[in-house]
$ cat data_35.cif   # mmCIF, C-alpha atoms and all ligand atoms
data_target
#
loop_
_atom_site.label_atom_id
_atom_site.label_comp_id
_atom_site.auth_asym_id
_atom_site.auth_seq_id
_atom_site.Cartn_x
_atom_site.Cartn_y
_atom_site.Cartn_z
CA MET A 154 -39.37 -7.07 21.79
CA GLY A 155 -35.75 -7.60 22.83
CA ASP A 156 -32.81 -6.28 20.85
CA TRP A 157 -32.11 -9.68 19.29
CA GLU A 158 -35.73 -10.22 18.21
CA THR A 159 -35.77 -6.72 16.73
CA PHE A 160 -32.63 -7.54 14.75
CA VAL A 161 -33.80 -10.85 13.29
CA ALA A 162 -37.15 -9.31 12.30
CA GLN A 163 -35.53 -6.77 9.95
CA ASP A 164 -36.04 -7.26 6.21
CA TRP A 165 -32.34 -6.47 5.65
CA VAL A 166 -31.24 -9.38 7.84
CA GLU A 167 -30.94 -12.89 6.37
CA SER A 168 -29.81 -16.15 7.93
CA ASP A 169 -27.45 -18.84 6.60
CA VAL A 170 -26.27 -16.94 3.56
CA ALA A 171 -23.39 -18.12 1.37
CA LEU A 172 -20.50 -15.67 1.62
CA ALA A 173 -18.27 -17.06 -1.13
CA PRO A 174 -19.91 -14.95 -3.87
CA TRP A 175 -19.07 -11.81 -1.89
CA THR A 176 -15.34 -12.51 -1.81
CA THR A 177 -12.73 -12.46 -4.55
CA TYR A 178 -11.50 -15.96 -3.64
CA LYS A 179 -15.06 -17.31 -3.96
CA VAL A 180 -14.51 -19.86 -1.20
CA GLY A 181 -15.91 -20.37 2.28
CA GLY A 182 -19.12 -21.26 4.04
CA PRO A 183 -22.20 -19.29 5.08
CA ALA A 184 -22.75 -16.42 7.46
CA ARG A 185 -25.07 -17.39 10.29
CA TRP A 186 -26.51 -13.89 9.85
CA LEU A 187 -25.95 -11.48 6.99
CA ALA A 188 -26.99 -7.89 7.65
CA THR A 189 -27.12 -5.25 4.94
CA PRO A 190 -27.79 -2.04 6.90
CA LYS A 191 -29.17 0.97 5.07
CA GLY A 192 -28.15 3.63 7.55
CA LEU A 193 -26.86 4.43 11.01
CA GLY A 194 -30.14 3.38 12.64
CA ASP A 195 -29.67 -0.11 11.23
CA LEU A 196 -26.10 -0.20 12.55
CA GLU A 197 -27.50 0.64 15.95
CA VAL A 198 -29.91 -2.31 15.71
CA ILE A 199 -27.00 -4.62 14.82
CA GLY A 200 -24.84 -3.34 17.65
CA ARG A 201 -27.55 -3.73 20.30
CA ALA A 202 -28.35 -7.27 19.17
CA ALA A 203 -24.69 -8.29 19.10
CA VAL A 204 -24.12 -6.91 22.58
CA GLU A 205 -27.27 -8.54 23.98
CA ARG A 206 -26.33 -12.00 22.71
CA ALA A 207 -22.52 -11.56 22.74
CA VAL A 208 -22.45 -12.51 19.05
CA PRO A 209 -19.27 -11.78 17.05
CA VAL A 210 -19.56 -9.28 14.21
CA VAL A 211 -17.38 -8.84 11.18
CA VAL A 212 -17.70 -6.22 8.46
CA LEU A 213 -17.16 -7.37 4.91
CA GLY A 214 -16.07 -4.74 2.41
CA ARG A 215 -15.58 -5.88 -1.17
CA GLY A 216 -14.16 -9.18 0.07
CA SER A 217 -10.86 -8.62 -1.71
CA ASN A 218 -8.62 -9.29 1.27
CA VAL A 219 -10.36 -12.07 3.15
CA VAL A 220 -10.67 -15.82 3.33
CA ILE A 221 -13.92 -17.09 4.86
CA SER A 222 -13.52 -20.46 6.57
CA ASP A 223 -15.21 -23.49 4.99
CA ALA A 224 -17.43 -23.73 8.06
CA GLY A 225 -18.52 -20.12 7.54
CA PHE A 226 -18.88 -17.47 10.23
CA ASP A 227 -21.04 -18.16 13.26
CA GLY A 228 -22.01 -14.58 13.89
CA ILE A 229 -23.19 -11.45 12.11
CA VAL A 230 -21.55 -10.45 8.85
CA VAL A 231 -22.23 -6.83 7.94
CA ARG A 232 -22.23 -5.66 4.33
CA LEU A 233 -22.77 -1.95 3.98
CA GLY A 234 -25.42 -1.42 1.33
CA ASP A 235 -25.84 1.11 -1.48
CA SER A 236 -26.80 3.84 0.96
CA PHE A 237 -23.15 3.86 2.03
CA GLY A 238 -22.06 4.18 -1.58
CA SER A 239 -22.31 7.89 -2.34
CA MET A 240 -19.68 10.58 -2.88
CA ARG A 241 -19.86 14.32 -2.38
CA TRP A 242 -17.36 17.06 -3.04
CA GLU A 243 -16.63 19.83 -0.57
CA GLY A 244 -14.11 22.11 -2.24
CA GLY A 245 -11.02 20.04 -2.93
CA GLU A 246 -12.11 17.28 -0.58
CA VAL A 247 -14.27 14.31 -1.41
CA VAL A 248 -16.35 12.50 1.18
CA ALA A 249 -16.93 8.90 0.11
CA GLY A 250 -19.20 6.31 1.69
CA ALA A 251 -17.48 3.21 3.07
CA ALA A 252 -19.01 0.98 0.39
CA VAL A 253 -17.59 3.03 -2.50
CA SER A 254 -15.10 0.95 -4.47
CA LEU A 255 -11.60 2.39 -4.61
CA PRO A 256 -11.28 2.18 -8.42
CA ARG A 257 -14.56 4.10 -8.70
CA LEU A 258 -13.25 6.75 -6.29
CA ALA A 259 -10.04 7.05 -8.34
CA ARG A 260 -11.89 7.38 -11.65
CA THR A 261 -14.46 9.84 -10.31
CA ALA A 262 -11.71 12.08 -8.92
CA VAL A 263 -9.87 12.08 -12.25
CA ALA A 264 -13.07 12.82 -14.19
CA THR A 265 -13.78 15.70 -11.79
CA GLY A 266 -10.36 17.20 -12.54
CA ARG A 267 -8.87 16.27 -9.19
CA GLY A 268 -5.60 14.42 -8.63
CA GLY A 269 -3.92 12.42 -5.90
CA LEU A 270 -6.30 9.46 -5.63
CA GLU A 271 -5.22 7.71 -8.86
CA PHE A 272 -3.36 4.94 -6.99
CA PHE A 273 -6.69 3.66 -5.67
CA VAL A 274 -7.46 2.34 -9.16
CA GLY A 275 -5.06 -0.52 -8.42
CA ILE A 276 -6.80 -1.68 -5.26
CA PRO A 277 -10.03 -3.67 -5.73
CA GLY A 278 -11.30 -2.92 -2.21
CA SER A 279 -13.72 -0.49 -0.59
CA VAL A 280 -13.21 2.87 1.11
CA GLY A 281 -14.02 1.29 4.49
CA GLY A 282 -11.51 -1.49 3.94
CA ALA A 283 -8.86 1.00 2.82
CA VAL A 284 -9.22 2.97 6.06
CA HIS A 285 -9.24 -0.14 8.26
CA GLN A 286 -6.08 -1.44 6.65
CA ASN A 287 -4.36 1.66 5.32
CA ALA A 288 -4.44 0.09 1.86
CA GLY A 289 -1.81 1.21 -0.59
CA CYS A 290 -0.02 0.67 -3.85
CA HIS A 291 2.49 2.40 -6.08
CA GLY A 292 4.25 4.09 -3.22
CA ARG A 293 1.10 5.70 -1.84
CA GLU A 294 -1.04 4.74 1.14
CA THR A 295 -4.52 5.68 2.28
CA LYS A 296 -3.05 7.77 5.10
CA ASP A 297 -1.33 10.05 2.56
CA VAL A 298 -4.71 11.28 1.27
CA LEU A 299 -7.11 10.63 4.16
CA VAL A 300 -8.27 13.62 6.22
CA SER A 301 -10.70 11.92 8.58
CA ALA A 302 -13.19 9.07 8.85
CA SER A 303 -16.61 8.78 10.46
CA VAL A 304 -16.66 5.65 12.59
CA TRP A 305 -19.71 3.96 14.08
CA ASP A 306 -18.93 2.10 17.29
CA LEU A 307 -21.26 -0.92 17.41
CA ARG A 308 -20.70 -1.46 21.14
CA ARG A 309 -21.28 2.11 22.26
CA GLY A 310 -23.81 2.94 19.56
CA GLU A 311 -22.23 6.24 18.63
CA LEU A 312 -20.65 7.99 15.67
CA THR A 313 -17.33 9.78 16.01
CA SER A 314 -15.20 11.67 13.54
CA ARG A 315 -11.60 10.50 13.75
CA SER A 316 -8.78 12.49 12.22
CA VAL A 317 -6.16 10.59 10.24
CA ALA A 318 -3.69 11.07 13.11
CA ASP A 319 -6.21 9.46 15.44
CA LEU A 320 -6.58 6.18 13.52
CA GLY A 321 -3.15 4.66 14.14
CA LEU A 322 -2.52 4.04 10.45
CA GLY A 323 0.75 2.25 9.68
CA TYR A 324 1.90 -0.18 7.00
CA ARG A 325 -1.28 -2.15 6.21
CA ARG A 326 -2.75 -1.53 9.68
CA SER A 327 -4.91 0.77 11.82
CA ASP A 328 -6.04 0.89 15.44
CA LEU A 329 -9.64 0.26 14.36
CA ARG A 330 -11.27 -2.84 15.85
CA ASP A 331 -13.95 -5.13 14.42
CA HIS A 332 -16.75 -3.31 16.26
CA GLU A 333 -15.67 0.03 14.79
CA VAL A 334 -17.36 0.45 11.42
CA VAL A 335 -16.09 3.09 9.03
CA VAL A 336 -19.16 4.69 7.47
CA GLU A 337 -17.51 7.38 5.37
CA ALA A 338 -14.12 8.92 4.78
CA ARG A 339 -12.88 12.35 3.71
CA PHE A 340 -9.98 12.56 1.27
CA VAL A 341 -7.92 15.52 0.15
CA THR A 342 -7.22 15.95 -3.56
CA THR A 343 -5.10 18.31 -5.64
CA PRO A 344 -6.06 20.18 -8.81
CA GLY A 345 -5.39 17.81 -11.69
CA ASP A 346 -5.66 17.67 -15.46
CA PRO A 347 -8.12 14.89 -16.43
CA GLU A 348 -5.87 13.80 -19.32
CA ASP A 349 -2.83 13.42 -17.06
CA GLY A 350 -5.02 11.61 -14.58
CA GLU A 351 -6.33 9.23 -17.26
CA ARG A 352 -2.76 8.51 -18.33
CA LEU A 353 -1.77 7.67 -14.76
CA LEU A 354 -4.83 5.41 -14.34
CA ARG A 355 -3.85 3.56 -17.53
CA GLU A 356 -0.23 3.25 -16.41
CA ILE A 357 -1.20 1.77 -13.04
CA THR A 358 -3.68 -0.63 -14.63
CA ARG A 359 -1.11 -1.73 -17.21
CA TRP A 360 1.56 -2.26 -14.51
CA ARG A 361 -0.81 -4.42 -12.52
CA ARG A 362 -1.73 -6.51 -15.56
CA GLU A 363 1.96 -7.12 -16.23
CA HIS A 364 3.02 -7.89 -12.68
CA GLN A 365 0.00 -9.39 -10.95
CA PRO A 366 -2.22 -12.37 -11.84
CA GLY A 367 -5.34 -10.37 -12.72
CA GLY A 368 -8.43 -12.24 -13.87
CA THR A 369 -7.78 -15.10 -11.46
CA LEU A 370 -9.32 -15.89 -8.08
CA ASN A 371 -6.98 -14.22 -5.59
CA ALA A 372 -6.98 -11.69 -2.76
CA GLY A 373 -3.97 -9.55 -3.66
CA SER A 374 -0.81 -9.80 -1.61
CA VAL A 375 -1.04 -12.74 0.78
CA PHE A 376 1.69 -11.50 3.13
CA LYS A 377 2.82 -8.12 4.35
CA ASN A 378 6.29 -7.25 3.22
CA PRO A 379 8.87 -7.74 5.96
CA PRO A 380 10.90 -4.59 6.75
CA GLY A 381 13.25 -3.73 3.90
CA ASP A 382 12.29 -6.68 1.69
CA SER A 383 9.44 -8.06 -0.36
CA ALA A 384 7.51 -11.21 0.50
CA GLY A 385 7.10 -11.95 -3.22
CA ARG A 386 10.83 -11.70 -3.86
CA ILE A 387 11.64 -14.00 -0.93
CA ILE A 388 9.06 -16.67 -1.86
CA ASP A 389 10.21 -16.54 -5.50
CA ALA A 390 13.90 -16.78 -4.56
CA LEU A 391 13.15 -19.99 -2.66
CA GLY A 392 11.70 -21.50 -5.84
CA LEU A 393 8.20 -21.76 -4.42
CA LYS A 394 6.25 -20.47 -7.43
CA GLY A 395 3.80 -23.18 -8.45
CA LEU A 396 3.83 -24.75 -4.97
CA ARG A 397 0.36 -26.14 -4.46
CA ARG A 398 -2.06 -27.23 -1.76
CA GLY A 399 -5.22 -28.82 -3.14
CA ARG A 400 -6.63 -26.38 -5.65
CA VAL A 401 -4.58 -23.36 -4.61
CA TYR A 402 -1.08 -22.51 -5.86
CA VAL A 403 1.59 -19.83 -5.63
CA SER A 404 1.20 -17.63 -8.71
CA GLU A 405 3.88 -17.92 -11.40
CA ARG A 406 3.45 -14.24 -12.14
CA HIS A 407 3.86 -12.93 -8.59
CA ALA A 408 4.87 -15.17 -5.72
CA ASN A 409 2.98 -13.16 -3.09
CA PHE A 410 -0.31 -13.95 -4.84
CA PHE A 411 -1.93 -17.33 -4.25
CA VAL A 412 -4.39 -18.30 -6.95
CA ALA A 413 -7.44 -20.49 -6.31
CA GLU A 414 -8.93 -22.77 -8.94
CA PRO A 415 -12.67 -23.43 -9.03
CA GLY A 416 -13.50 -25.96 -6.32
CA ALA A 417 -10.75 -24.70 -3.99
CA SER A 418 -11.43 -24.62 -0.26
CA ALA A 419 -10.49 -22.14 2.44
CA ALA A 420 -8.50 -24.98 4.03
CA ASP A 421 -6.41 -25.21 0.83
CA ILE A 422 -5.58 -21.50 1.08
CA LYS A 423 -4.80 -21.68 4.80
CA GLY A 424 -2.72 -24.83 4.26
CA LEU A 425 -0.63 -23.18 1.55
CA VAL A 426 -0.18 -20.02 3.65
CA ASP A 427 1.06 -22.08 6.62
CA ASP A 428 3.32 -24.16 4.37
CA VAL A 429 4.94 -21.06 2.84
CA ILE A 430 5.36 -19.43 6.27
CA ARG A 431 7.13 -22.59 7.48
CA ARG A 432 9.38 -22.93 4.44
CA VAL A 433 10.37 -19.25 4.45
CA ALA A 434 11.06 -19.34 8.19
CA GLU A 435 13.22 -22.45 7.87
CA ALA A 436 15.23 -21.02 4.99
CA THR A 437 15.60 -17.40 6.08
CA GLY A 438 14.49 -17.00 9.69
CA ILE A 439 11.87 -14.48 8.52
CA VAL A 440 8.34 -15.16 9.78
CA LEU A 441 5.93 -13.77 7.19
CA GLU A 442 2.76 -12.19 8.49
CA PRO A 443 -0.42 -12.66 6.45
CA GLU A 444 -1.99 -9.52 5.05
CA ILE A 445 -5.14 -11.34 4.05
CA ARG A 446 -7.60 -11.85 6.85
CA PHE A 447 -8.95 -15.25 7.89
CA VAL A 448 -12.54 -15.09 9.10
CA GLY A 449 -14.25 -17.95 10.97
CA GLY A 450 -12.65 -21.08 12.40
CA PHE A 451 -9.42 -22.46 10.97
CA ASP A 452 -7.45 -25.41 12.29
CA GLU A 453 -3.99 -24.30 13.31
CA GLU A 454 -1.26 -26.29 11.57
CA GLU A 455 1.99 -27.19 13.29
CA ARG A 456 4.69 -24.77 12.23
N1 LIG B 1 9.45 -9.95 -7.03
C1 LIG B 1 10.08 -11.10 -7.40
N2 LIG B 1 9.31 -12.19 -7.66
C2 LIG B 1 7.98 -12.19 -7.58
C3 LIG B 1 7.32 -11.00 -7.18
C4 LIG B 1 8.09 -9.89 -6.91
O1 LIG B 1 11.31 -11.15 -7.49
O2 LIG B 1 7.35 -13.23 -7.82
C5 LIG B 1 10.26 -8.74 -6.78
C6 LIG B 1 9.98 -7.65 -7.82
O3 LIG B 1 10.79 -7.84 -8.95
C7 LIG B 1 10.32 -6.39 -7.07
C8 LIG B 1 9.98 -6.73 -5.62
O4 LIG B 1 9.88 -8.15 -5.54
O5 LIG B 1 11.71 -6.13 -7.11
C9 LIG B 1 8.65 -6.08 -5.16
O6 LIG B 1 7.58 -6.55 -5.99
P1 LIG B 1 6.36 -5.61 -6.41
O7 LIG B 1 6.90 -4.37 -7.06
O8 LIG B 1 5.41 -6.45 -7.19
O9 LIG B 1 5.74 -5.13 -5.06
P2 LIG B 1 5.25 -5.94 -3.78
O10 LIG B 1 6.07 -5.45 -2.63
O11 LIG B 1 5.22 -7.39 -4.02
C10 LIG B 1 3.48 -4.18 -3.06
C11 LIG B 1 2.12 -4.29 -2.40
C12 LIG B 1 1.04 -4.49 -3.45
C13 LIG B 1 1.08 -3.36 -4.47
C14 LIG B 1 2.48 -3.33 -5.10
C15 LIG B 1 2.63 -2.17 -6.05
C16 LIG B 1 2.45 -5.32 -0.21
C17 LIG B 1 2.35 -6.56 0.59
N3 LIG B 1 2.09 -5.42 -1.50
O12 LIG B 1 3.74 -5.45 -3.63
O13 LIG B 1 -0.21 -4.43 -2.77
O14 LIG B 1 0.10 -3.55 -5.48
O15 LIG B 1 3.46 -3.16 -4.06
O16 LIG B 1 2.66 -0.98 -5.39
O17 LIG B 1 2.84 -4.28 0.33
C18 LIG B 1 -1.85 -5.76 -1.70
O18 LIG B 1 -1.50 -5.21 -0.65
O19 LIG B 1 -2.76 -6.63 -1.74
C19 LIG B 1 -1.14 -5.44 -2.93
C20 LIG B 1 -1.39 -6.05 -4.07
#
$ encode --input "data_35.cif" --output "structure tokens"
Amino acid sequence: MGDWETFVAQDWVESDVALAPWTTYKVGGPARWLATPKGLGDLEVIGRAAVERAVPVVVLGRGSNVVISDAGFDGIVVRLGDSFGSMRWEGGEVVAGAAVSLPRLARTAVATGRGGLEFFVGIPGSVGGAVHQNAGCHGRETKDVLVSASVWDLRRGELTSRSVADLGLGYRRSDLRDHEVVVEARFVTTPGDPEDGERLLREITRWRREHQPGGTLNAGSVFKNPPGDSAGRIIDALGLKGLRRGRVYVSERHANFFVAEPGASAADIKGLVDDVIRRVAEATGIVLEPEIRFVGGFDEEER
């Protein structure tokens, strides 16, 4: 049996699966293939098949920073399953699987009497996503607490341990490519009082509720902040809150959040993103760069 036949025969591989439920925007079409690997051996099967057929692969974390195109993704979407969802402590360091949710990591650390990871409670993503994008909030970034990450290279079929210095982490970026799958990450913590930690968790959660449109369909900040300024402040100052494309609009609470209504399409989101980029560029000369990731085919609009 060839590598592709081996792949499609797995019971953890499905075809034509709706992806919308796996994203926070709840829009977008199906994955041609959805793979939910249970371990490194399964990742090897995926990698071999993708190489044999030159099929694109994308890894979906908790879907909190992505927009899947309405046509879906004509390739393999990888969702790391529960077997990538464990945590273990080694002294003051915690090793978390890539599928662990960041709020869970934050709360577990606090409950264990360890500090430093509280800021993760404000980021609804996964450990793998946090490493790939150097996720951050409240003045802290993943790279401040990350020691190293284990990365599976789908093309080479090998696991390497990469130190934080070796990952190219910068503001909302890393050097990691799509075929490099974070499987677990090691974080450093400090001794912490659980009560202080709980207080900090509550403070961060309260701040988010006040400043961000929680409880709506969104994917966090749409744009990266340009150097020395804030995308939200700029969009707000131009009076663009409430600006709408189809069933998606610029949040009244925070202008760098775009909120989708039920029935919204990925094209609505992309259309609004392009419109805001154009308006901001015309008014200020600043070209905003999306932080959310567009997966699948999108028609480019004239800018
Ligand atoms: N502001 C406005 N109008 C708005 C929104 C913001 O004037 O509609 C002003 C605020 O008053 C403030 C400034 O803009 O003076 C910055 O706003 P905020 O404190 O909300 O921070 P941000 O730069 O918009 C960043 C991260 C968020 C993170 C918060 C809190 C980026 C792109 N965003 O937002 O991260 O939660 O700080 O630390 O860096 C994410 O990346 O998805 C995300 C939500």
$ residues_near_ligand --input "data_35.cif" --ligand "ligand LIG 1 (chain B)" --cutoff "10 Å" --atoms "only C-alpha atoms and all ligand atoms" --output "PyMOL selection string"
chain A and resi 217-218+272-273+275-278+286-294+324-325+357+360-361+363-365+371-379+381-390+392-394+403-410+442-445
$ residues_around --input "data_35.cif" --residues "stretch 232-242 of chain A" --least-positions-apart "5" --cutoff "7 Å" --atoms "all atoms listed in the file" --output "VMD selection string"
chain A and resid 188 to 192 212 to 214 247 to 253 336
$ residues_around --input "data_35.cif" --residues "A:Arg400" --least-positions-apart "3" --cutoff "9 Å" --atoms "all atoms listed in the file" --output "list in words"
Arg397, Val412, Ala413, Glu414, Pro415, Gly416, Ala417, Ser418, Asp421 and Ile422 of chain A
$ residues_around --input "data_35.cif" --residues "A:Val204" --least-positions-apart "2" --cutoff "12 Å" --atoms "only C-alpha atoms" --output "list in words"
Gly155, Asp156, Trp157, Phe160, Glu197, Val198, Ile199, Gly200, Arg201, Ala202, Arg206, Ala207, Val208, Pro209, Val210, Gly228, Ile229, Asp306, Leu307, Arg308, Arg309, Gly310 and His332 of chain A
$ residues_near_point --input "data_35.cif" --point "(-16.0, -11.7, 0.4)" --cutoff "12 Å" --atoms "all atoms listed in the file" --output "PyMOL selection string"
chain A and resi 170-184+187+211-222+225-226+230-232+277-279+282+370-372+419+445-448
$ atom_distance --input "data_35.cif" --atom1 "atom CA of A:Thr159" --atom2 "atom CA of A:Val280"
29.1 Å
$ closest_residue --input "data_35.cif" --among "A:Gly245, A:Gly368, A:Arg352, A:Glu311" --to "A:Arg267" --atoms "only C-alpha atoms"
A:Gly245
$ atom_distance --input "data_35.cif" --atom1 "atom CA of A:Trp186" --atom2 "atom CA of A:Glu167"
5.7 Å
$ atom_distance --input "data_35.cif" --atom1 "atom CA of A:Ala338" --atom2 "atom CA of A:Ser301"
5.9 Å
$ closest_residue --input "data_35.cif" --among "A:Asp452, A:Trp165, A:Glu271, A:Ile439" --to "A:Asp346" --atoms "all atoms listed in the file"
A:Glu271
$ decode --input "data_35.cif" --residues "stretch 182-226 of chain A" --atoms "C-alpha atoms" --output "PDB file, in the first residue's frame"
ATOM      1  CA  GLY A 182     -16.350  25.332   4.228  1.00  0.00           C
ATOM      2  CA  PRO A 183     -15.114  21.762   4.649  1.00  0.00           C
ATOM      3  CA  ALA A 184     -11.688  20.217   4.888  1.00  0.00           C
ATOM      4  CA  ARG A 185     -11.042  17.817   2.031  1.00  0.00           C
ATOM      5  CA  TRP A 186      -9.345  15.666   4.685  1.00  0.00           C
ATOM      6  CA  LEU A 187      -9.487  16.044   8.442  1.00  0.00           C
ATOM      7  CA  ALA A 188      -6.870  14.108  10.383  1.00  0.00           C
ATOM      8  CA  THR A 189      -6.943  13.738  14.154  1.00  0.00           C
ATOM      9  CA  PRO A 190      -3.605  12.068  14.924  1.00  0.00           C
ATOM     10  CA  LYS A 191      -3.168  10.283  18.233  1.00  0.00           C
ATOM     11  CA  GLY A 192       0.612  10.294  18.357  1.00  0.00           C
ATOM     12  CA  LEU A 193       3.861  10.854  16.502  1.00  0.00           C
ATOM     13  CA  GLY A 194       3.374   7.714  14.402  1.00  0.00           C
ATOM     14  CA  ASP A 195       0.158   9.188  13.027  1.00  0.00           C
ATOM     15  CA  LEU A 196       1.944  12.454  12.244  1.00  0.00           C
ATOM     16  CA  GLU A 197       4.464  10.425  10.289  1.00  0.00           C
ATOM     17  CA  VAL A 198       1.641   8.841   8.266  1.00  0.00           C
ATOM     18  CA  ILE A 199       0.232  12.307   7.493  1.00  0.00           C
ATOM     19  CA  GLY A 200       3.616  13.680   6.480  1.00  0.00           C
ATOM     20  CA  ARG A 201       4.426  10.797   4.135  1.00  0.00           C
ATOM     21  CA  ALA A 202       1.022  11.016   2.444  1.00  0.00           C
ATOM     22  CA  ALA A 203       1.256  14.784   2.025  1.00  0.00           C
ATOM     23  CA  VAL A 204       4.717  14.515   0.512  1.00  0.00           C
ATOM     24  CA  GLU A 205       3.716  11.672  -1.824  1.00  0.00           C
ATOM     25  CA  ARG A 206       0.743  13.574  -3.248  1.00  0.00           C
ATOM     26  CA  ALA A 207       2.084  17.127  -2.722  1.00  0.00           C
ATOM     27  CA  VAL A 208      -1.052  17.944  -0.718  1.00  0.00           C
ATOM     28  CA  PRO A 209      -1.070  21.106   1.427  1.00  0.00           C
ATOM     29  CA  VAL A 210      -1.369  20.648   5.183  1.00  0.00           C
ATOM     30  CA  VAL A 211      -2.553  23.064   7.803  1.00  0.00           C
ATOM     31  CA  VAL A 212      -2.697  22.531  11.554  1.00  0.00           C
ATOM     32  CA  LEU A 213      -5.751  23.824  13.343  1.00  0.00           C
ATOM     33  CA  GLY A 214      -5.369  24.601  17.025  1.00  0.00           C
ATOM     34  CA  ARG A 215      -8.442  25.849  18.845  1.00  0.00           C
ATOM     35  CA  GLY A 216      -9.477  27.815  15.761  1.00  0.00           C
ATOM     36  CA  SER A 217      -9.419  31.113  17.636  1.00  0.00           C
ATOM     37  CA  ASN A 218      -7.253  32.996  15.174  1.00  0.00           C
ATOM     38  CA  VAL A 219      -8.336  31.714  11.785  1.00  0.00           C
ATOM     39  CA  VAL A 220     -10.857  32.273   9.036  1.00  0.00           C
ATOM     40  CA  ILE A 221     -11.546  29.230   6.857  1.00  0.00           C
ATOM     41  CA  SER A 222     -12.586  30.167   3.320  1.00  0.00           C
ATOM     42  CA  ASP A 223     -16.177  29.484   2.248  1.00  0.00           C
ATOM     43  CA  ALA A 224     -14.842  26.966  -0.265  1.00  0.00           C
ATOM     44  CA  GLY A 225     -13.026  25.143   2.540  1.00  0.00           C
ATOM     45  CA  PHE A 226      -9.484  23.790   2.412  1.00  0.00           C
TER      46      PHE A 226
END
